[in-house]
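Below: final32.cif (mmCIF, C-alpha atoms)
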```cif
data_my_file
#
loop_
_atom_site.group_PDB
_atom_site.id
_atom_site.type_symbol
_atom_site.label_atom_id
_atom_site.label_comp_id
_atom_site.auth_asym_id
_atom_site.auth_seq_id
_atom_site.Cartn_x
_atom_site.Cartn_y
_atom_site.Cartn_z
ATOM 1 C CA MET S 119 41.864 -68.253 86.944
ATOM 2 C CA ILE S 120 45.060 -69.787 85.537
ATOM 3 C CA LYS S 121 44.958 -67.416 82.555
ATOM 4 C CA LYS S 122 44.553 -64.388 84.822
ATOM 5 C CA GLY S 123 47.401 -65.591 87.014
ATOM 6 C CA PHE S 124 49.639 -66.072 83.988
ATOM 7 C CA ALA S 125 48.771 -62.619 82.623
ATOM 8 C CA PHE S 126 49.616 -61.035 85.962
ATOM 9 C CA PHE S 127 52.910 -62.974 86.150
ATOM 10 C CA PHE S 128 53.784 -61.988 82.557
ATOM 11 C CA ALA S 129 53.044 -58.298 83.224
ATOM 12 C CA CYS S 130 55.259 -58.359 86.337
ATOM 13 C CA PHE S 131 58.003 -60.138 84.389
ATOM 14 C CA MET S 132 57.900 -57.515 81.619
ATOM 15 C CA SER S 133 57.911 -54.666 84.136
ATOM 16 C CA VAL S 134 60.988 -56.059 85.907
ATOM 17 C CA ASN S 135 62.787 -56.500 82.579
ATOM 18 C CA LEU S 136 61.957 -52.966 81.428
ATOM 19 C CA LEU S 137 63.281 -51.593 84.715
ATOM 20 C CA ALA S 138 66.467 -53.638 84.308
ATOM 21 C CA ASP S 139 66.918 -52.329 80.746
ATOM 22 C CA PHE S 140 66.330 -48.758 81.924
ATOM 23 C CA LYS S 141 68.954 -49.118 84.677
ATOM 24 C CA GLU S 142 71.448 -50.595 82.230
ATOM 25 C CA GLY S 143 70.717 -47.757 79.807
ATOM 26 C CA LYS S 144 71.190 -45.180 82.550
ATOM 27 C CA LYS S 145 74.553 -46.699 83.492
ATOM 28 C CA LEU S 146 75.595 -46.734 79.838
ATOM 29 C CA PHE S 147 74.640 -43.069 79.432
ATOM 30 C CA THR S 148 76.569 -42.156 82.600
ATOM 31 C CA ASP S 149 79.657 -44.061 81.448
ATOM 32 C CA LYS S 150 79.705 -43.029 77.795
ATOM 33 C CA CYS S 151 77.716 -39.813 77.404
ATOM 34 C CA ALA S 152 77.524 -37.852 80.672
ATOM 35 C CA SER S 153 81.036 -36.411 80.330
ATOM 36 C CA CYS S 154 79.756 -34.323 77.388
ATOM 37 C CA HIS S 155 76.041 -33.864 78.116
ATOM 38 C CA LYS S 156 75.319 -31.803 81.227
ATOM 39 C CA GLU S 157 72.928 -32.993 83.891
ATOM 40 C CA TYR S 158 69.349 -31.750 84.194
ATOM 41 C CA ILE S 159 68.842 -27.989 83.779
ATOM 42 C CA SER S 160 65.307 -26.668 84.188
ATOM 43 C CA PHE S 161 63.485 -25.757 80.982
ATOM 44 C CA ASP S 162 62.682 -22.327 82.441
ATOM 45 C CA LYS S 163 66.392 -21.633 82.693
ATOM 46 C CA LEU S 164 67.061 -23.117 79.250
ATOM 47 C CA LYS S 165 64.437 -20.795 77.734
ATOM 48 C CA ILE S 166 66.107 -17.775 79.360
ATOM 49 C CA ASN S 167 69.483 -18.985 78.112
ATOM 50 C CA PHE S 168 68.500 -19.478 74.463
ATOM 51 C CA PHE S 169 65.724 -16.923 73.922
ATOM 52 C CA GLU S 170 66.756 -14.029 76.175
ATOM 53 C CA ARG S 171 70.494 -14.416 76.692
ATOM 54 C CA LYS S 172 71.511 -15.915 73.337
ATOM 55 C CA ASN S 173 73.290 -18.784 75.135
ATOM 56 C CA LYS S 174 75.476 -16.355 77.140
ATOM 57 C CA LEU S 175 74.158 -17.714 80.463
ATOM 58 C CA LEU S 176 74.994 -21.409 80.022
ATOM 59 C CA ASN S 177 77.249 -21.434 76.922
ATOM 60 C CA LEU S 178 75.910 -24.823 75.869
ATOM 61 C CA THR S 179 77.632 -26.453 72.906
ATOM 62 C CA ILE S 180 75.736 -29.735 73.241
ATOM 63 C CA PRO S 181 72.236 -30.524 74.613
ATOM 64 C CA THR S 182 71.706 -31.496 78.253
ATOM 65 C CA GLU S 183 70.401 -34.977 79.099
ATOM 66 C CA ASN S 184 66.849 -33.696 79.691
ATOM 67 C CA MET S 185 66.938 -31.787 76.387
ATOM 68 C CA LEU S 186 67.863 -35.038 74.625
ATOM 69 C CA ALA S 187 65.095 -36.967 76.385
ATOM 70 C CA TRP S 188 62.549 -34.265 75.537
ATOM 71 C CA ALA S 189 63.620 -34.091 71.873
ATOM 72 C CA ILE S 190 63.364 -37.872 71.483
ATOM 73 C CA MET S 191 60.153 -38.395 73.456
ATOM 74 C CA ASP S 192 58.047 -35.213 73.425
ATOM 75 C CA SER S 193 59.203 -32.637 70.884
ATOM 76 C CA GLY S 194 57.654 -31.937 67.507
ATOM 77 C CA ASN S 195 60.437 -34.121 66.068
ATOM 78 C CA LYS S 196 59.861 -36.983 68.519
ATOM 79 C CA ILE S 197 60.722 -40.462 67.370
ATOM 80 C CA GLY S 198 58.121 -43.225 67.064
ATOM 81 C CA ASP S 199 54.535 -43.664 68.161
ATOM 82 C CA PRO S 200 53.914 -43.166 71.916
ATOM 83 C CA ASN S 201 51.100 -45.737 71.657
ATOM 84 C CA ASP S 202 53.448 -48.461 70.378
ATOM 85 C CA PRO S 203 56.322 -48.609 72.890
ATOM 86 C CA GLU S 204 57.714 -51.889 71.567
ATOM 87 C CA MET S 205 58.194 -50.512 68.060
ATOM 88 C CA ARG S 206 59.315 -47.172 69.486
ATOM 89 C CA VAL S 207 62.311 -48.750 71.240
ATOM 90 C CA ASP S 208 63.524 -50.077 67.886
ATOM 91 C CA GLU S 209 62.968 -46.753 66.101
ATOM 92 C CA ILE S 210 64.806 -44.745 68.762
ATOM 93 C CA ALA S 211 67.664 -47.274 68.819
ATOM 94 C CA ILE S 212 68.040 -47.123 65.033
ATOM 95 C CA TYR S 213 68.041 -43.320 65.047
ATOM 96 C CA LEU S 214 70.644 -43.133 67.838
ATOM 97 C CA GLN S 215 72.953 -45.647 66.199
ATOM 98 C CA GLU S 216 72.750 -43.994 62.770
ATOM 99 C CA TYR S 217 73.078 -40.437 64.086
ATOM 100 C CA LEU S 218 76.037 -41.184 66.352
ATOM 101 C CA GLU S 219 77.884 -42.935 63.528
ATOM 102 C CA ASN S 220 77.229 -40.025 61.165
ATOM 103 C CA PRO S 221 76.379 -36.912 63.222
ATOM 104 C CA ASP S 222 74.857 -34.131 61.159
ATOM 105 C CA LEU S 223 73.230 -31.076 62.732
ATOM 106 C CA THR S 224 70.902 -30.758 59.741
ATOM 107 C CA ASN S 225 69.522 -34.209 60.655
ATOM 108 C CA SER S 226 69.201 -33.440 64.373
ATOM 109 C CA ILE S 227 65.865 -33.632 66.178
ATOM 110 C CA CYS S 228 66.955 -30.955 68.686
ATOM 111 C CA ASP S 229 65.234 -27.584 68.878
ATOM 112 C CA GLN S 230 66.220 -25.295 65.998
ATOM 113 C CA SER S 231 66.694 -22.276 68.283
ATOM 114 C CA ALA S 232 69.477 -24.142 70.110
ATOM 115 C CA LEU S 233 71.111 -25.905 67.162
ATOM 116 C CA LYS S 234 73.005 -22.831 65.956
ATOM 117 C CA TYR S 235 75.007 -22.843 69.198
ATOM 118 C CA TYR S 236 76.015 -26.511 69.054
ATOM 119 C CA GLU S 237 79.326 -27.914 67.893
ATOM 120 C CA GLN S 238 79.472 -30.706 65.339
ATOM 121 C CA LYS S 239 79.803 -34.013 67.201
ATOM 122 C CA LYS S 240 82.551 -36.473 66.305
ATOM 123 C CA PRO S 241 81.381 -39.860 64.955
ATOM 124 C CA MET S 242 80.903 -42.540 67.599
ATOM 125 C CA LYS S 243 80.088 -46.214 67.077
ATOM 126 C CA ILE S 244 77.734 -48.031 69.411
ATOM 127 C CA SER S 245 76.367 -51.556 69.138
ATOM 128 C CA GLU S 246 72.708 -52.426 68.493
ATOM 129 C CA GLU S 247 72.429 -53.583 72.100
ATOM 130 C CA GLU S 248 73.857 -50.297 73.421
ATOM 131 C CA ALA S 249 71.515 -48.282 71.183
ATOM 132 C CA GLU S 250 68.545 -50.271 72.504
ATOM 133 C CA LEU S 251 69.578 -49.728 76.138
ATOM 134 C CA LEU S 252 69.897 -45.977 75.515
ATOM 135 C CA ALA S 253 66.427 -46.044 73.954
ATOM 136 C CA TYR S 254 65.023 -47.632 77.129
ATOM 137 C CA TYR S 255 66.811 -44.977 79.188
ATOM 138 C CA PHE S 256 65.289 -42.070 77.267
ATOM 139 C CA MET S 257 61.851 -43.679 77.287
ATOM 140 C CA GLY S 258 61.938 -43.955 81.082
ATOM 141 C CA TYR S 259 63.789 -40.719 81.764
ATOM 142 C CA LYS S 260 60.849 -38.440 82.601
ATOM 143 C CA GLU S 261 59.061 -40.924 84.863
ATOM 144 C CA ASP S 262 62.296 -41.720 86.704
ATOM 145 C CA ARG S 263 63.125 -38.053 87.244
ATOM 146 C CA LEU S 264 59.642 -37.213 88.543
ATOM 147 C CA LYS S 265 59.708 -40.237 90.826
ATOM 148 C CA ASN S 266 63.087 -39.274 92.291
ATOM 149 C CA LEU S 267 62.567 -35.541 92.721
ATOM 150 C CA PRO S 268 63.579 -34.566 96.256
ATOM 151 C CA ASP S 269 60.826 -33.353 98.585
ATOM 152 C CA GLU S 270 63.001 -30.498 99.735
ATOM 153 C CA GLN S 271 65.105 -28.397 97.406
ATOM 154 C CA LYS S 272 68.571 -27.966 98.855
ATOM 155 C CA SER S 273 70.285 -24.619 98.355
ATOM 156 C CA VAL S 274 73.532 -24.898 100.322
ATOM 157 C CA SER S 275 76.489 -26.773 98.844
ATOM 158 C CA ASP S 276 77.778 -29.841 100.680
ATOM 159 C CA THR S 277 81.361 -28.819 100.013
ATOM 160 C CA THR S 278 83.579 -25.726 99.915
ATOM 161 C CA ASN S 279 86.242 -27.531 97.888
ATOM 162 C CA GLU S 280 86.815 -25.212 94.940
ATOM 163 C CA LYS S 281 87.359 -27.954 92.363
ATOM 164 C CA GLU S 282 84.194 -29.806 93.383
ATOM 165 C CA VAL S 283 82.119 -26.603 93.489
ATOM 166 C CA LEU S 284 83.290 -25.620 89.988
ATOM 167 C CA GLU S 285 82.575 -29.112 88.637
ATOM 168 C CA ASN S 286 79.057 -29.009 90.099
ATOM 169 C CA ALA S 287 78.451 -25.488 88.767
ATOM 170 C CA VAL S 288 79.488 -26.451 85.237
ATOM 171 C CA LYS S 289 77.507 -29.723 85.308
ATOM 172 C CA GLN S 290 74.351 -28.040 86.577
ATOM 173 C CA GLY S 291 74.710 -24.818 84.587
ATOM 174 C CA LYS S 292 74.647 -22.629 87.711
ATOM 175 C CA GLN S 293 76.363 -19.498 88.963
ATOM 176 C CA ILE S 294 78.165 -19.555 92.327
ATOM 177 C CA LEU S 295 77.027 -17.465 95.302
ATOM 178 C CA VAL S 296 79.418 -17.101 98.244
ATOM 179 C CA TYR S 297 77.926 -15.795 101.507
ATOM 180 C CA THR S 298 80.465 -14.659 104.104
ATOM 181 C CA THR S 299 79.201 -14.668 107.670
ATOM 182 C CA SER S 300 80.443 -14.936 111.261
ATOM 183 C CA GLU S 301 79.115 -16.253 114.565
ATOM 184 C CA THR S 302 78.837 -12.725 116.015
ATOM 185 C CA CYS S 303 77.122 -11.157 112.987
ATOM 186 C CA TYR S 304 73.660 -9.941 114.033
ATOM 187 C CA TYR S 305 72.561 -9.098 110.478
ATOM 188 C CA CYS S 306 73.684 -12.508 109.212
ATOM 189 C CA LYS S 307 71.433 -14.202 111.761
ATOM 190 C CA LYS S 308 68.628 -11.839 110.780
ATOM 191 C CA MET S 309 69.017 -12.783 107.102
ATOM 192 C CA ASP S 310 69.232 -16.481 107.972
ATOM 193 C CA LYS S 311 65.929 -16.220 109.829
ATOM 194 C CA GLU S 312 64.000 -13.767 107.654
ATOM 195 C CA VAL S 313 65.366 -14.374 104.138
ATOM 196 C CA PHE S 314 67.173 -17.699 103.725
ATOM 197 C CA SER S 315 64.438 -19.614 105.552
ATOM 198 C CA LEU S 316 61.890 -18.633 102.876
ATOM 199 C CA LYS S 317 60.944 -21.259 100.269
ATOM 200 C CA GLU S 318 60.904 -18.707 97.464
ATOM 201 C CA ILE S 319 64.494 -17.723 98.223
ATOM 202 C CA GLN S 320 65.622 -21.347 98.580
ATOM 203 C CA ASN S 321 63.943 -22.374 95.315
ATOM 204 C CA THR S 322 65.414 -19.437 93.382
ATOM 205 C CA MET S 323 68.904 -20.068 94.718
ATOM 206 C CA ASN S 324 68.673 -23.793 94.090
ATOM 207 C CA LYS S 325 67.538 -23.263 90.515
ATOM 208 C CA ASP S 326 70.273 -20.854 89.510
ATOM 209 C CA TYR S 327 73.124 -20.968 92.050
ATOM 210 C CA ILE S 328 75.566 -23.159 93.928
ATOM 211 C CA PHE S 329 75.381 -21.510 97.371
ATOM 212 C CA LEU S 330 78.366 -21.493 99.748
ATOM 213 C CA LYS S 331 78.052 -20.229 103.306
ATOM 214 C CA ILE S 332 81.484 -19.340 104.704
ATOM 215 C CA ASP S 333 82.141 -18.560 108.368
ATOM 216 C CA VAL S 334 85.101 -16.172 108.074
ATOM 217 C CA ASP S 335 86.130 -16.843 111.682
ATOM 218 C CA HIS S 336 86.805 -20.510 110.939
ATOM 219 C CA GLU S 337 87.064 -20.940 107.144
ATOM 220 C CA GLU S 338 89.128 -19.556 104.299
ATOM 221 C CA ILE S 339 87.169 -17.531 101.743
ATOM 222 C CA PRO S 340 87.461 -19.512 98.470
ATOM 223 C CA PHE S 341 88.173 -18.448 94.878
ATOM 224 C CA ASP S 342 90.777 -15.838 95.910
ATOM 225 C CA LEU S 343 87.937 -13.604 97.169
ATOM 226 C CA LYS S 344 89.812 -12.581 100.313
ATOM 227 C CA LYS S 345 91.359 -9.655 98.458
ATOM 228 C CA HIS S 346 87.841 -8.356 97.698
ATOM 229 C CA PHE S 347 86.532 -8.899 101.229
ATOM 230 C CA LYS S 348 86.489 -5.675 103.300
ATOM 231 C CA GLY S 349 85.746 -7.359 106.624
ATOM 232 C CA MET S 350 81.984 -6.700 106.560
ATOM 233 C CA THR S 351 79.578 -9.527 107.240
ATOM 234 C CA PRO S 352 77.416 -10.387 105.544
ATOM 235 C CA THR S 353 79.027 -9.900 102.140
ATOM 236 C CA PHE S 354 77.843 -11.752 99.037
ATOM 237 C CA PHE S 355 80.020 -12.614 96.048
ATOM 238 C CA VAL S 356 78.465 -13.745 92.755
ATOM 239 C CA LEU S 357 80.717 -15.779 90.463
ATOM 240 C CA THR S 358 80.326 -17.437 87.083
ATOM 241 C CA SER S 359 80.327 -21.230 86.836
ATOM 242 C CA ALA S 360 84.026 -20.865 85.961
ATOM 243 C CA GLY S 361 84.716 -19.106 89.271
ATOM 244 C CA GLU S 362 85.128 -15.570 87.879
ATOM 245 C CA LEU S 363 83.823 -12.749 90.085
ATOM 246 C CA ILE S 364 80.807 -10.900 88.664
ATOM 247 C CA SER S 365 79.499 -8.782 91.557
ATOM 248 C CA THR S 366 80.069 -8.015 95.247
ATOM 249 C CA TYR S 367 77.271 -7.046 97.648
ATOM 250 C CA PRO S 368 78.279 -6.005 101.182
ATOM 251 C CA GLY S 369 75.528 -5.693 103.780
ATOM 252 C CA SER S 370 72.175 -7.199 104.733
ATOM 253 C CA TRP S 371 69.179 -7.421 102.372
ATOM 254 C CA ASN S 372 65.450 -8.019 102.660
ATOM 255 C CA LYS S 373 63.611 -10.625 100.583
ATOM 256 C CA ARG S 374 62.668 -8.316 97.713
ATOM 257 C CA ASP S 375 66.142 -6.811 97.310
ATOM 258 C CA PHE S 376 67.894 -10.158 97.633
ATOM 259 C CA LEU S 377 65.687 -11.680 94.919
ATOM 260 C CA LYS S 378 66.651 -8.726 92.747
ATOM 261 C CA ILE S 379 70.329 -9.495 93.369
ATOM 262 C CA LEU S 380 69.792 -13.115 92.364
ATOM 263 C CA GLU S 381 67.931 -12.148 89.200
ATOM 264 C CA GLU S 382 70.204 -9.334 87.993
ATOM 265 C CA ASN S 383 73.282 -11.573 87.930
ATOM 266 C CA LEU S 384 71.839 -14.187 85.573
#
```
structure tokens encoding of this file:
Amino acid sequence: MIKKGFAFFFACFMSVNLLADFKEGKKLFTDKCASCHKEYISFDKLKINFFERKNKLLNLTIPTENMLAWAIMDSGNKIGDPNDPEMRVDEIAIYLQEYLENPDLTNSICDQSALKYYEQKKPMKISEEEAELLAYYFMGYKEDRLKNLPDEQKSVSDTTNEKEVLENAVKQGKQILVYTTSETCYYCKKMDKEVFSLKEIQNTMNKDYIFLKIDVDHEEIPFDLKKHFKGMTPTFFVLTSAGELISTYPGSWNKRDFLKILEENL
């Protein structure tokens, strides 16, 4: 009974320590690495970017955080034995420390189809402890992301501040979609009810766009779009992640046609 109790206590102790190491690793990545490596971008979108659009959609010059985690943990070039996590931490830490001190694209474990678009990284020194914490972060990345996925996918941006919207668009690798509406617009209300309420529409927008809903009676139209606005609501403006206008769509649209609009601007 004592042995069982000790084993249970030891397992709990190890679990708490692993979680603490993961959190420390996550903080370290955020502080030291996140300014270069973009946040999560879906692999579906990454495939379109590299295989169909030749990196013209996202213009990535360095892998995203989920691409790094996948390369280290699950790719054909993965590091260490998944069945020996203790040894794997050490192997990942050693690789990270050595690669960061002497970055060489020919020694990268990233996908070959993406490597040709990447810039050579400048050397960066990290301690053994920092390398180990980053290893714990990458080892726990997938489980943590799955655990913290939101139940509802949110399509509408929390802010209309141009700087914040652009920062979010660049971080997330998304285009920007501005929807101009008004309180008296019958067709806007119709689209809100029959199109924007649909999960398929919400999921598609959330995956590829930062979505701004602007009431023209009470808000300024951002990104200098006022000069392109002809007074018709609804009107939709599609912009790049840098805020450059790609397309303008005045009028109301059904589900099928609106999905086509979303797809043709990627």
Quiz item: Within 12 Å of (56.1, -44.7, 68.6), in the coordinates the file gives, what residues turn up when you count all atoms listed in the file, written out as a PyMOL selection string?
Solution: chain S and resi 190-192+195-211+253+257
Quiz item: Residues at most 9 Å from region 296-304 of chain S, counting all atoms listed in the file, excluding those fewer than 2 positions away in the same chain, as a VMD selection string?
Solution: chain S and resid 294 306 to 309 328 to 336 339 to 340 347 350 to 357
Restricting it to C-alpha atoms, dump the selection as a PDB file, keeping the file's coordinate frame.
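Saved file part.pdb follows:
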```pdb
ATOM      1  CA  ILE S 294      78.165 -19.555  92.327  1.00  0.00           C
ATOM      2  CA  CYS S 306      73.684 -12.508 109.212  1.00  0.00           C
ATOM      3  CA  LYS S 307      71.433 -14.202 111.761  1.00  0.00           C
ATOM      4  CA  LYS S 308      68.628 -11.839 110.780  1.00  0.00           C
ATOM      5  CA  MET S 309      69.017 -12.783 107.102  1.00  0.00           C
ATOM      6  CA  ILE S 328      75.566 -23.159  93.928  1.00  0.00           C
ATOM      7  CA  PHE S 329      75.381 -21.510  97.371  1.00  0.00           C
ATOM      8  CA  LEU S 330      78.366 -21.493  99.748  1.00  0.00           C
ATOM      9  CA  LYS S 331      78.052 -20.229 103.306  1.00  0.00           C
ATOM     10  CA  ILE S 332      81.484 -19.340 104.704  1.00  0.00           C
ATOM     11  CA  ASP S 333      82.141 -18.560 108.368  1.00  0.00           C
ATOM     12  CA  VAL S 334      85.101 -16.172 108.074  1.00  0.00           C
ATOM     13  CA  ASP S 335      86.130 -16.843 111.682  1.00  0.00           C
ATOM     14  CA  HIS S 336      86.805 -20.510 110.939  1.00  0.00           C
ATOM     15  CA  ILE S 339      87.169 -17.531 101.743  1.00  0.00           C
ATOM     16  CA  PRO S 340      87.461 -19.512  98.470  1.00  0.00           C
ATOM     17  CA  PHE S 347      86.532  -8.899 101.229  1.00  0.00           C
ATOM     18  CA  MET S 350      81.984  -6.700 106.560  1.00  0.00           C
ATOM     19  CA  THR S 351      79.578  -9.527 107.240  1.00  0.00           C
ATOM     20  CA  PRO S 352      77.416 -10.387 105.544  1.00  0.00           C
ATOM     21  CA  THR S 353      79.027  -9.900 102.140  1.00  0.00           C
ATOM     22  CA  PHE S 354      77.843 -11.752  99.037  1.00  0.00           C
ATOM     23  CA  PHE S 355      80.020 -12.614  96.048  1.00  0.00           C
ATOM     24  CA  VAL S 356      78.465 -13.745  92.755  1.00  0.00           C
ATOM     25  CA  LEU S 357      80.717 -15.779  90.463  1.00  0.00           C
TER      26      LEU S 357
END
```
Quiz item: Which is closest to Asn173 (chain S) among S:Gly194, S:Gly349, S:Gly291, S:Gly369, if we use only C-alpha atoms?
Solution: S:Gly291
Self-check item: Shortest interatomic distance to Leu176 (chain S) - which of S:Gln290, S:Thr366, S:Ser245, S:Thr278, counting all atoms listed in the file
Solution: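 For Leu176 (chain S), the nearest of the candidates is S:Gln290.
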Quiz item: In Å, how far is it from CA of Leu233 (chain S) to CA of Leu175 (chain S)?
Solution: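 Between CA of Leu233 (chain S) and CA of Leu175 (chain S) the gap is 15.9 Å.
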Practice problem: Write out as a list in words each polymer residue whose atoms come within 9 Å of region 153-169 of chain S, counting all atoms listed in the file; drop sequence neighbours fewer than 6 positions from it. | Solution: Leu175, Leu176, Asn177, Leu178, Ile180, Pro181, Thr182, Glu183, Asn184, Met185, Leu186, Ser231, Ala232, Val288, Lys289, Gln290, Gly291, Lys292, Lys325 and Asp326 of chain S
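Within 12 Å of Asp139 (chain S), once only C-alpha atoms are used and residues closer than 2 positions along the same chain are dropped, the contacting residues are Met132, Ser133, Val134, Asn135, Leu136, Leu137, Lys141, Glu142, Gly143, Lys144, Lys145, Leu146, Val207, Glu247, Glu248, Ala249, Glu250, Leu251, Leu252, Ala253, Tyr254, Tyr255, Phe256, Met257 and Gly258 of chain S.
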Self-check item: Using all atoms listed in the file: which of S:Gly361, S:Gln215, S:Trp188, S:Asn225 has the shortest distance to Tyr259 (chain S)
Solution: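 Of S:Gly361, S:Gln215, S:Trp188, S:Asn225, the one nearest Tyr259 (chain S), counting all atoms listed in the file, is S:Trp188.
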Quiz item: In Å, how far is it from CA of Lys345 (chain S) to CA of Thr358 (chain S)?
Solution: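 Answer for the CA of Lys345 (chain S) to CA of Thr358 (chain S) separation: 17.7 Å.
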Exercise. Give the answer as one residue: which of S:Glu219, S:Glu381, S:Asp149, S:Glu362 has the shortest atom-to-atom distance to Thr322 (chain S), using all atoms listed in the file?
Key: S:Glu381
Self-check item: Interatomic distance (Å, one decimal) between CA of Asn321 (chain S) and CA of Asn286 (chain S)
Solution: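 If I compute the distance from CA of Asn321 (chain S) to CA of Asn286 (chain S), I get 17.3 Å.
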Exercise. Would you please work out which residue, of S:Glu338, S:Tyr327, S:Ile227, S:Pro221, is nearest to Ala189 (chain S) when using only C-alpha atoms?
Key: S:Ile227
Padding of 5 Å on every side, edges along x, y and z, all listed atoms of region 250-257 of chain S included: what centre and edge lengths in Å, to one decimal, does that box have, as AutoDock Vina command-line options?
```
--center_x 65.9 --center_y -46.2 --center_z 75.8 --size_x 18.0 --size_y 18.2 --size_z 16.7
```
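When all atoms listed in the file are used to compute distances to Glu246 (chain S), the closest of the residues S:Glu261, S:Glu216, S:Glu318, S:Asp229 turns out to be S:Glu216.
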Practice problem: Name every residue that the PyMOL selection byres ((chain S and resi 383) around 8) selects in this structure, writing the answer as a ChimeraX atom specification with chains first and numbers rising. | Solution: /S:356,364-365,379-382,384
